[in-house]
>>> print(open('data.txt').read())   # compact mmCIF, C-alpha atoms
# COMPACT_ATOMS: atom_id res chain seq x y z
CA MET T 46 181.90 164.35 71.60
CA ASP T 47 180.53 160.95 72.20
CA TYR T 48 182.12 157.84 70.82
CA TYR T 49 180.28 154.60 69.93
CA GLN T 50 182.06 151.46 70.93
CA PRO T 51 180.66 148.25 69.39
CA ARG T 52 179.75 145.38 71.82
CA ARG T 53 181.94 142.42 71.98
CA LYS T 54 180.19 139.20 70.90
CA PRO T 55 179.76 136.74 73.74
CA SER T 56 181.93 133.72 73.51
CA PHE T 57 180.68 130.08 73.48
CA TRP T 58 181.77 129.57 77.05
CA GLY T 59 179.61 132.47 78.19
CA TYR T 60 176.45 130.83 76.79
CA PHE T 61 177.43 127.51 78.31
CA LEU T 62 178.05 128.91 81.79
CA SER T 63 174.76 130.89 81.74
CA ALA T 64 172.75 127.81 80.70
CA LEU T 65 174.40 125.68 83.34
CA LEU T 66 173.72 128.21 86.07
CA GLY T 67 170.06 128.54 85.02
CA ALA T 68 169.58 124.80 85.07
CA VAL T 69 171.04 124.47 88.57
CA VAL T 70 168.95 127.33 89.99
CA GLY T 71 165.75 126.12 88.26
CA GLY T 72 166.19 122.56 89.51
CA PHE T 73 166.74 123.78 93.05
CA LEU T 74 163.58 125.90 92.98
CA LEU T 75 161.53 123.02 91.53
CA LEU T 76 162.66 120.56 94.18
CA THR T 77 162.11 123.04 96.97
CA PHE T 78 158.79 124.68 96.08
CA GLY T 79 157.23 122.48 93.40
CA PRO T 80 154.06 120.43 94.09
CA ALA T 81 154.81 117.16 95.84
CA ARG T 82 152.93 115.15 93.24
CA LEU T 83 155.32 116.22 90.50
CA PHE T 84 158.03 114.50 92.41
CA THR T 85 156.35 111.59 94.04
CA LYS T 86 154.47 110.59 90.90
CA PHE T 87 157.53 108.95 89.56
CA GLN T 88 159.04 107.82 92.85
CA PRO T 89 159.70 104.06 92.95
CA GLN T 90 157.79 101.85 95.46
CA GLN T 91 159.59 100.99 98.66
CA THR T 92 160.17 97.26 98.80
CA GLN T 93 161.49 97.13 102.38
CA GLN T 94 158.25 98.49 103.91
CA PRO T 95 155.23 97.56 101.80
CA ALA T 96 152.29 99.91 101.89
CA GLN T 97 149.66 99.05 104.52
CA GLN T 98 146.58 97.34 103.08
CA PRO T 99 143.38 99.35 103.49
CA GLN T 100 140.85 97.88 105.94
CA ILE T 101 137.73 96.60 104.20
CA THR T 102 134.45 96.59 106.08
CA GLU T 103 131.94 94.05 104.78
CA VAL T 104 128.48 95.50 104.45
CA LYS T 105 125.73 92.89 104.36
CA THR T 106 122.47 93.95 102.82
CA GLU T 107 119.19 92.44 103.98
CA MET T 108 118.88 90.56 100.71
CA GLY T 109 122.41 89.25 101.15
CA SER T 110 121.56 88.02 104.63
CA VAL T 111 118.46 86.23 103.35
CA SER T 112 120.42 84.57 100.56
CA LEU T 113 123.21 83.39 102.87
CA ALA T 114 120.76 82.12 105.48
CA ALA T 115 118.55 80.29 102.98
CA ASN T 116 121.42 78.55 101.22
CA LYS T 117 122.76 77.41 104.57
CA VAL T 118 119.51 75.63 105.43
CA ILE T 119 118.22 74.45 102.03
CA PRO T 120 120.23 71.15 102.10
CA SER T 121 118.44 70.30 105.37
CA ILE T 122 114.93 70.65 103.94
CA VAL T 123 113.23 67.46 102.78
CA GLY T 124 110.01 66.53 101.03
CA ILE T 125 107.71 64.08 102.80
CA THR T 126 105.12 61.99 100.97
CA THR T 127 102.76 59.95 103.11
CA THR T 128 99.98 57.45 102.62
CA LYS T 129 97.27 57.35 105.28
CA VAL T 130 94.08 55.43 105.81
CA GLN T 131 90.96 57.55 106.13
CA LYS T 132 87.28 56.78 106.40
CA SER T 133 85.11 57.65 103.40
CA TYR T 134 81.60 59.06 103.58
CA PHE T 135 80.36 55.48 103.60
CA TYR T 136 82.71 54.56 106.49
CA GLN T 137 84.98 52.55 104.25
CA ASN T 138 88.75 52.69 104.47
CA LYS T 139 90.53 54.54 101.67
CA LEU T 140 94.17 55.42 101.07
CA VAL T 141 94.96 59.13 100.92
CA GLN T 142 98.30 60.54 99.84
CA GLY T 143 99.69 63.74 101.32
CA VAL T 144 102.77 65.87 100.72
CA GLY T 145 104.61 68.12 103.15
CA SER T 146 108.01 69.28 104.26
CA GLY T 147 110.50 68.44 106.98
CA VAL T 148 113.76 69.60 108.54
CA ILE T 149 116.73 67.33 109.20
CA ALA T 150 117.48 67.94 112.87
CA ASP T 151 120.32 65.49 113.37
CA ALA T 152 122.87 63.65 111.27
CA ASP T 153 121.54 60.37 112.70
CA GLY T 154 118.38 60.81 110.63
CA TYR T 155 115.84 62.54 112.88
CA ILE T 156 113.53 64.82 110.90
CA ILE T 157 111.06 67.32 112.36
CA THR T 158 107.73 67.84 110.64
CA ASN T 159 104.07 68.43 111.52
CA ASN T 160 101.80 65.85 113.06
CA HIS T 161 99.26 66.51 110.31
CA VAL T 162 101.97 65.66 107.76
CA ALA T 163 103.24 62.41 109.27
CA ASP T 164 101.28 61.23 112.31
CA MET T 165 101.58 57.89 114.04
CA ASN T 166 98.90 56.43 111.76
CA SER T 167 100.82 57.02 108.54
CA ARG T 168 100.96 53.79 106.59
CA SER T 169 104.02 54.71 104.51
CA ILE T 170 106.43 57.63 104.52
CA LYS T 171 108.89 58.53 101.75
CA VAL T 172 111.47 61.23 102.33
CA SER T 173 113.03 63.11 99.40
CA LEU T 174 116.52 64.39 100.22
CA TYR T 175 118.37 67.37 98.78
CA ASP T 176 120.83 65.16 96.87
CA GLY T 177 118.01 63.36 95.03
CA ARG T 178 117.80 60.24 97.19
CA GLU T 179 114.40 58.94 98.26
CA VAL T 180 114.36 56.87 101.47
CA GLU T 181 111.75 55.21 103.65
CA GLY T 182 110.89 56.82 106.98
CA ARG T 183 108.84 56.06 110.06
CA THR T 184 107.20 58.30 112.63
CA VAL T 185 108.80 57.72 116.04
CA TRP T 186 107.06 60.50 117.99
CA ALA T 187 104.08 62.79 117.47
CA ASP T 188 102.08 65.28 119.51
CA PRO T 189 98.76 66.38 117.96
CA SER T 190 98.37 69.25 120.46
CA LEU T 191 101.64 70.77 119.26
CA ASP T 192 101.19 69.59 115.67
CA LEU T 193 104.73 68.25 115.74
CA ALA T 194 106.19 64.88 114.77
CA ILE T 195 109.61 63.28 114.38
CA VAL T 196 110.34 61.00 111.45
CA LYS T 197 113.38 58.70 111.51
CA ILE T 198 115.28 57.65 108.39
CA ASP T 199 118.34 55.45 107.95
CA ALA T 200 120.71 57.34 105.67
CA ASP T 201 124.20 58.76 105.75
CA ASN T 202 125.74 62.09 104.67
CA LEU T 203 122.84 64.09 106.01
CA SER T 204 123.03 67.85 106.41
CA ALA T 205 121.48 68.79 109.77
CA ALA T 206 120.06 72.26 110.35
CA GLN T 207 121.24 74.47 113.17
CA PHE T 208 118.71 75.52 115.81
CA GLY T 209 118.25 79.01 117.15
CA ASP T 210 116.51 80.22 120.31
CA SER T 211 112.84 80.91 119.71
CA LYS T 212 112.61 82.75 123.02
CA SER T 213 115.05 85.42 121.86
CA ILE T 214 113.27 86.45 118.65
CA ARG T 215 111.61 89.87 118.44
CA ILE T 216 108.69 91.32 116.51
CA GLY T 217 109.89 92.98 113.31
CA GLU T 218 112.92 90.73 112.83
CA GLN T 219 113.43 89.28 109.38
CA ALA T 220 112.24 85.70 108.89
CA VAL T 221 112.62 83.23 106.03
CA ALA T 222 110.33 80.27 105.31
CA ILE T 223 111.58 77.26 103.34
CA GLY T 224 109.44 74.33 102.24
CA ASN T 225 107.67 72.58 99.41
CA PRO T 226 104.54 74.55 98.54
CA LEU T 227 101.92 72.87 96.33
CA GLY T 228 103.75 69.55 96.35
CA LEU T 229 107.24 68.45 95.41
CA LYS T 230 107.16 70.30 92.09
CA PHE T 231 108.28 73.49 93.88
CA GLN T 232 110.68 71.92 96.33
CA ARG T 233 112.64 74.14 98.74
CA THR T 234 110.93 77.37 97.83
CA VAL T 235 112.26 80.35 99.81
CA THR T 236 110.00 83.21 100.94
CA ALA T 237 111.02 86.13 103.14
CA GLY T 238 109.18 88.42 105.52
CA ILE T 239 109.24 89.44 109.16
CA ILE T 240 108.15 88.18 112.54
CA SER T 241 104.70 89.76 112.72
CA ALA T 242 103.72 88.72 116.25
CA LEU T 243 104.55 86.27 119.04
CA ASN T 244 102.55 84.01 121.37
CA ARG T 245 99.58 83.79 119.01
CA THR T 246 96.84 81.31 119.85
CA ILE T 247 94.41 80.14 117.19
CA GLU T 248 91.35 77.91 117.45
CA MET T 249 91.58 75.05 114.97
CA SER T 250 88.17 73.65 115.90
CA GLU T 251 85.78 74.11 118.78
CA GLY T 252 87.81 73.74 121.96
CA ASN T 253 90.95 72.74 120.03
CA PHE T 254 93.67 75.37 120.16
CA MET T 255 97.20 75.78 118.88
CA GLU T 256 99.02 77.91 121.38
CA ASP T 257 101.89 80.41 121.50
CA LEU T 258 102.69 80.36 117.79
CA ILE T 259 105.06 82.61 115.87
CA GLN T 260 103.19 84.74 113.34
CA THR T 261 104.98 85.69 110.11
CA ASP T 262 104.12 87.30 106.79
CA ALA T 263 106.62 85.10 104.93
CA SER T 264 104.42 83.15 102.50
CA ILE T 265 103.35 79.75 103.80
CA ASN T 266 101.27 77.65 101.40
CA PRO T 267 99.93 74.07 101.39
CA GLY T 268 102.97 71.80 101.29
CA ASN T 269 105.07 74.21 103.38
CA SER T 270 103.83 72.44 106.51
CA GLY T 271 106.73 70.98 108.44
CA GLY T 272 109.28 73.23 106.77
CA ALA T 273 111.63 75.63 108.50
CA LEU T 274 111.18 79.19 109.64
CA ILE T 275 114.68 80.60 110.03
CA ASN T 276 116.42 83.81 111.05
CA THR T 277 119.09 85.66 109.08
CA LYS T 278 121.82 83.58 110.77
CA GLY T 279 120.44 80.48 109.09
CA GLU T 280 119.11 79.07 112.38
CA VAL T 281 115.75 77.30 112.62
CA ILE T 282 113.47 79.19 115.00
CA GLY T 283 110.17 77.51 114.14
CA ILE T 284 108.37 74.79 112.20
CA ASN T 285 105.81 76.12 109.73
CA THR T 286 102.36 74.77 110.46
CA VAL T 287 99.28 76.71 109.25
CA LYS T 288 98.15 79.89 107.52
CA VAL T 289 94.98 81.94 107.56
CA THR T 290 93.31 81.21 104.25
CA SER T 291 90.97 84.18 104.45
CA ALA T 292 93.83 86.71 104.56
CA GLU T 293 97.17 87.33 102.91
CA GLY T 294 100.45 87.28 104.79
CA ILE T 295 99.30 85.59 108.00
CA GLY T 296 101.10 82.32 108.65
CA PHE T 297 102.18 80.53 111.81
CA ALA T 298 105.07 78.40 113.05
CA VAL T 299 105.59 76.34 116.20
CA PRO T 300 108.55 77.68 118.25
CA ILE T 301 111.54 75.37 117.93
CA ASN T 302 112.47 75.36 121.63
CA ILE T 303 109.58 73.08 122.57
CA ILE T 304 110.97 70.16 120.59
CA LYS T 305 114.60 70.43 121.75
CA PRO T 306 114.15 68.22 124.86
CA VAL T 307 112.21 65.73 122.73
CA LEU T 308 115.09 65.42 120.27
CA LYS T 309 117.62 65.08 123.08
CA SER T 310 115.65 62.22 124.62
CA MET T 311 115.25 60.53 121.22
CA LYS T 312 119.00 60.65 120.67
CA ASP T 313 119.86 59.50 124.20
CA THR T 314 117.25 56.79 124.69
CA GLY T 315 115.56 56.28 121.33
CA LYS T 316 112.22 57.48 122.67
CA PHE T 317 110.42 60.33 124.39
CA VAL T 318 107.72 59.78 126.98
CA THR T 319 105.52 62.83 127.45
CA PRO T 320 105.50 64.01 131.08
CA VAL T 321 102.36 65.47 132.65
CA ILE T 322 101.44 67.02 135.95
CA GLY T 323 97.73 66.32 135.72
CA ILE T 324 95.98 69.63 135.13
CA LYS T 325 93.92 71.25 132.41
CA GLY T 326 94.65 74.92 132.07
CA PHE T 327 95.03 77.90 129.79
CA ASP T 328 96.97 81.15 129.58
CA LYS T 329 95.72 84.68 128.97
CA GLU T 330 95.65 84.17 125.17
CA ILE T 331 93.18 81.27 125.35
CA ALA T 332 91.27 83.00 128.12
CA GLY T 333 90.28 85.68 125.63
CA TYR T 334 88.28 83.12 123.64
CA TYR T 335 86.10 82.51 126.71
CA ASP T 336 85.76 86.13 127.84
CA PHE T 337 87.81 85.18 130.88
CA LYS T 338 90.57 87.36 132.27
CA VAL T 339 93.99 85.93 133.15
CA GLU T 340 96.62 88.50 134.06
CA SER T 341 99.56 86.12 134.51
CA GLY T 342 100.37 82.48 134.96
CA ILE T 343 98.45 79.37 133.91
CA TYR T 344 94.87 79.18 135.11
CA ILE T 345 93.84 75.70 136.30
CA TYR T 346 90.28 74.81 135.35
CA ASP T 347 90.51 71.07 136.10
CA VAL T 348 92.71 68.76 138.17
CA VAL T 349 92.94 65.08 137.25
CA ALA T 350 92.21 62.75 140.17
CA ASN T 351 95.22 60.95 141.69
CA SER T 352 97.60 62.97 139.48
CA PRO T 353 100.81 64.63 140.67
CA ALA T 354 98.91 67.94 140.76
CA SER T 355 96.15 66.47 142.88
CA LYS T 356 98.65 64.94 145.32
CA ALA T 357 100.49 68.25 145.56
CA GLY T 358 97.30 70.03 146.60
CA LEU T 359 96.50 72.00 143.43
CA ARG T 360 92.89 73.01 143.05
CA GLU T 361 90.59 74.32 140.34
CA GLY T 362 90.88 78.10 140.24
CA ASP T 363 94.56 78.16 141.22
CA TYR T 364 97.25 79.72 139.04
CA ILE T 365 100.71 78.30 138.31
CA VAL T 366 102.89 81.42 138.16
CA ALA T 367 106.39 79.87 138.26
CA ILE T 368 108.16 76.54 137.85
CA ASP T 369 111.59 76.17 139.47
CA ASP T 370 111.59 79.94 140.12
CA LYS T 371 111.05 80.77 136.42
CA PRO T 372 107.91 82.78 135.62
CA ILE T 373 105.35 80.86 133.54
CA ASN T 374 102.90 82.91 131.48
CA THR T 375 102.24 80.83 128.37
CA MET T 376 101.30 77.23 127.74
CA ILE T 377 104.42 76.76 125.60
CA ASP T 378 106.56 77.82 128.59
CA PHE T 379 104.60 75.42 130.79
CA LYS T 380 105.11 72.46 128.46
CA ASP T 381 108.75 73.36 127.88
CA ALA T 382 109.39 73.26 131.63
CA LEU T 383 107.75 69.83 131.94
CA TYR T 384 109.44 68.39 128.84
CA SER T 385 112.85 69.52 130.08
CA LYS T 386 112.38 67.58 133.32
CA GLY T 387 110.89 64.41 131.85
CA VAL T 388 108.90 61.63 133.51
CA GLY T 389 110.02 61.18 137.12
CA GLY T 390 111.49 64.66 137.30
CA LYS T 391 110.50 66.87 140.21
CA VAL T 392 109.33 70.44 139.76
CA LYS T 393 108.84 73.20 142.30
CA LEU T 394 105.61 75.07 141.61
CA LYS T 395 104.74 78.55 142.80
CA ILE T 396 100.97 78.75 143.12
CA LYS T 397 98.64 81.70 143.43
CA THR T 398 95.47 80.38 145.02
CA GLN T 399 91.95 81.37 144.01
CA LEU T 400 91.67 83.28 147.31
CA GLY T 401 94.73 85.38 146.47
CA GLY T 402 97.28 83.62 148.65
CA GLU T 403 100.60 82.10 147.51
CA LYS T 404 102.24 78.77 148.23
CA GLU T 405 105.04 76.58 146.91
CA VAL T 406 104.63 72.85 146.33
CA GLU T 407 106.65 70.08 144.73
CA ALA T 408 105.36 67.51 142.27
CA GLU T 409 106.88 64.50 140.52
CA LEU T 410 105.93 64.30 136.85
CA ALA T 411 104.10 61.24 135.60
CA GLU T 412 103.76 59.60 132.19
CA ALA T 413 100.99 60.91 129.98
CA TYR T 414 97.79 58.90 130.31
>>> encode(input="data.txt", output="structure tokens")
Amino acid sequence: MDYYQPRRKPSFWGYFLSALLGAVVGGFLLLTFGPARLFTKFQPQQTQQPAQQPQITEVKTEMGSVSLAANKVIPSIVGITTTKVQKSYFYQNKLVQGVGSGVIADADGYIITNNHVADMNSRSIKVSLYDGREVEGRTVWADPSLDLAIVKIDADNLSAAQFGDSKSIRIGEQAVAIGNPLGLKFQRTVTAGIISALNRTIEMSEGNFMEDLIQTDASINPGNSGGALINTKGEVIGINTVKVTSAEGIGFAVPINIIKPVLKSMKDTGKFVTPVIGIKGFDKEIAGYYDFKVESGIYIYDVVANSPASKAGLREGDYIVAIDDKPINTMIDFKDALYSKGVGGKVKLKIKTQLGGEKEVEAELAEAY
């Protein structure tokens, strides 16, 4: 015979002990095997060892580079208004007003522009500065063959542009042109493009060439003449000069390196005297206009009597292939070498003769005549 024995009701303390044991075991399992985020989400920050800051890499876009470069140079760009005397059709004198651009090259008030903007015959020159001032200027140096001029103003608190190295630029690099197209109404207009070509030579008129120019597709319009062509570092690499009117996107600038020794002399002595060696020559770019082949060097087609070149034994048909052991292949390189030495400076010339021989001679540069 089976007997039924009724269960004894659990006491309060039994429930309590079971709950306590479950809580302890559950907490242990959670801390041991639970996801780390459930724990660390609410963990307080350590104040003794602050979290390391993430490294931020600045990424500059092309547009950002153009903007930074342009705004660096804009305060150095000026407007130049000139009055010149020209002959009318009836050979009478008349006053003609012109407008162009310029670049402040030095805090002492030297401004680079084009010769066709402010040549030595300019009757009056007014320079419009970035801060709104308008001051009188005067042309202190000009070279029509380079289409460059230097205007001097007497003013303080000038923002001078920084120069780059026009010999180090490469085709395809970004370029920015800044100037005053179509007059002062559109002052300091910025246009961007690339360096399209180097060492371009263009014929301005019969027998009159502009040599070794920088070609760019950054828009250059009337009034931009004398303005700056800059790189993305905000350095001036050229002075805008002309554009091809029969095509779009073909403009030219004079490389900035050629005027550096001129500026140095102006600052040191207040003047620059153009040094010459006494030859007439051309490089392979100009040779193409005459169906003449020049592989390297500067071809000499005329030697001035009693000049340094004549005294050194240079002859028509010779080639200057190096000056002071530096190869010379363009007219801009040739002039740069002479300008850097100055009048009275001595240069060592490496000559390839018309008969194919080589010789080295020395010549002392004379003042232009």
>>> residues_around(input="data.txt", residues="T:Ile324", least_positions_apart="2", cutoff="7 Å", atoms="only C-alpha atoms", output="PyMOL selection string")
chain T and resi 322+326+345+347-349+354
>>> residues_near_point(input="data.txt", point="(102.3, 64.7, 109.4)", cutoff="9 Å", atoms="all atoms listed in the file", output="PDB file with C-alpha atoms, in the frame of the given file")
ATOM      1  CA  ILE T 125     107.710  64.080 102.800  1.00  0.00           C
ATOM      2  CA  THR T 127     102.760  59.950 103.110  1.00  0.00           C
ATOM      3  CA  GLY T 143      99.690  63.740 101.320  1.00  0.00           C
ATOM      4  CA  VAL T 144     102.770  65.870 100.720  1.00  0.00           C
ATOM      5  CA  GLY T 145     104.610  68.120 103.150  1.00  0.00           C
ATOM      6  CA  SER T 146     108.010  69.280 104.260  1.00  0.00           C
ATOM      7  CA  THR T 158     107.730  67.840 110.640  1.00  0.00           C
ATOM      8  CA  ASN T 159     104.070  68.430 111.520  1.00  0.00           C
ATOM      9  CA  ASN T 160     101.800  65.850 113.060  1.00  0.00           C
ATOM     10  CA  HIS T 161      99.260  66.510 110.310  1.00  0.00           C
ATOM     11  CA  VAL T 162     101.970  65.660 107.760  1.00  0.00           C
ATOM     12  CA  ALA T 163     103.240  62.410 109.270  1.00  0.00           C
ATOM     13  CA  ASP T 164     101.280  61.230 112.310  1.00  0.00           C
ATOM     14  CA  MET T 165     101.580  57.890 114.040  1.00  0.00           C
ATOM     15  CA  SER T 167     100.820  57.020 108.540  1.00  0.00           C
ATOM     16  CA  THR T 184     107.200  58.300 112.630  1.00  0.00           C
ATOM     17  CA  ALA T 187     104.080  62.790 117.470  1.00  0.00           C
ATOM     18  CA  ASP T 192     101.190  69.590 115.670  1.00  0.00           C
ATOM     19  CA  LEU T 193     104.730  68.250 115.740  1.00  0.00           C
ATOM     20  CA  ALA T 194     106.190  64.880 114.770  1.00  0.00           C
ATOM     21  CA  ILE T 195     109.610  63.280 114.380  1.00  0.00           C
ATOM     22  CA  SER T 270     103.830  72.440 106.510  1.00  0.00           C
ATOM     23  CA  GLY T 271     106.730  70.980 108.440  1.00  0.00           C
TER      24      GLY T 271
END
>>> residues_around(input="data.txt", residues="T:Gln399", least_positions_apart="3", cutoff="8 Å", atoms="all atoms listed in the file", output="VMD selection string")
chain T and resid 362 to 364 402
>>> closest_residue(input="data.txt", among="T:Asn266, T:Asn302, T:Ser173, T:Asn138", to="T:Asp381", atoms="only C-alpha atoms")
T:Asn302
>>> closest_residue(input="data.txt", among="T:Gly209, T:Gly389, T:Gly228, T:Pro353", to="T:Val406", atoms="all atoms listed in the file")
T:Pro353
>>> closest_residue(input="data.txt", among="T:Glu218, T:Glu405, T:Glu181, T:Glu280", to="T:Ile240", atoms="all atoms listed in the file")
T:Glu218
>>> closest_residue(input="data.txt", among="T:Gly342, T:Gly283, T:Gly154, T:Pro372", to="T:Leu243", atoms="all atoms listed in the file")
T:Gly283
>>> closest_residue(input="data.txt", among="T:Lys309, T:Ser352, T:Lys129, T:Ala332", to="T:Ala413", atoms="only C-alpha atoms")
T:Ser352
>>> closest_residue(input="data.txt", among="T:Ile247, T:Ile259, T:Leu203, T:Ile265", to="T:Pro226", atoms="only C-alpha atoms")
T:Ile265
>>> atom_distance(input="data.txt", atom1="atom CA of T:Arg233", atom2="atom CA of T:Asn166")
25.9 Å
>>> atom_distance(input="data.txt", atom1="atom CA of T:Asn285", atom2="atom CA of T:Lys386")
25.9 Å
>>> atom_distance(input="data.txt", atom1="atom CA of T:Glu179", atom2="atom CA of T:Lys278")
28.6 Å
>>> residues_around(input="data.txt", residues="T:Ser385", least_positions_apart="5", cutoff="9 Å", atoms="all atoms listed in the file", output="list in words")
Ile303, Lys305, Pro306, Val307, Lys380 and Gly390 of chain T
>>> residues_around(input="data.txt", residues="T:Ile331", least_positions_apart="2", cutoff="10 Å", atoms="only C-alpha atoms", output="VMD selection string")
chain T and resid 245 to 248 252 254 to 257 326 to 329 333 to 339 375 to 376
>>> write_last_selection(input="data.txt", atoms="C-alpha atoms", output="JSON list (two decimals), in the coordinates of the input")
[["chain", "number", "residue", "atom", "x", "y", "z"],
["T", 245, "ARG", "CA", 99.58, 83.79, 119.01],
["T", 246, "THR", "CA", 96.84, 81.31, 119.85],
["T", 247, "ILE", "CA", 94.41, 80.14, 117.19],
["T", 248, "GLU", "CA", 91.35, 77.91, 117.45],
["T", 252, "GLY", "CA", 87.81, 73.74, 121.96],
["T", 254, "PHE", "CA", 93.67, 75.37, 120.16],
["T", 255, "MET", "CA", 97.20, 75.78, 118.88],
["T", 256, "GLU", "CA", 99.02, 77.91, 121.38],
["T", 257, "ASP", "CA", 101.89, 80.41, 121.50],
["T", 326, "GLY", "CA", 94.65, 74.92, 132.07],
["T", 327, "PHE", "CA", 95.03, 77.90, 129.79],
["T", 328, "ASP", "CA", 96.97, 81.15, 129.58],
["T", 329, "LYS", "CA", 95.72, 84.68, 128.97],
["T", 333, "GLY", "CA", 90.28, 85.68, 125.63],
["T", 334, "TYR", "CA", 88.28, 83.12, 123.64],
["T", 335, "TYR", "CA", 86.10, 82.51, 126.71],
["T", 336, "ASP", "CA", 85.76, 86.13, 127.84],
["T", 337, "PHE", "CA", 87.81, 85.18, 130.88],
["T", 338, "LYS", "CA", 90.57, 87.36, 132.27],
["T", 339, "VAL", "CA", 93.99, 85.93, 133.15],
["T", 375, "THR", "CA", 102.24, 80.83, 128.37],
["T", 376, "MET", "CA", 101.30, 77.23, 127.74]]
>>> residues_around(input="data.txt", residues="T:Lys393", least_positions_apart="3", cutoff="9 Å", atoms="only C-alpha atoms", output="list in words")
Ala367, Ile368, Asp369, Asp370, Glu405, Val406, Glu407 and Ala408 of chain T
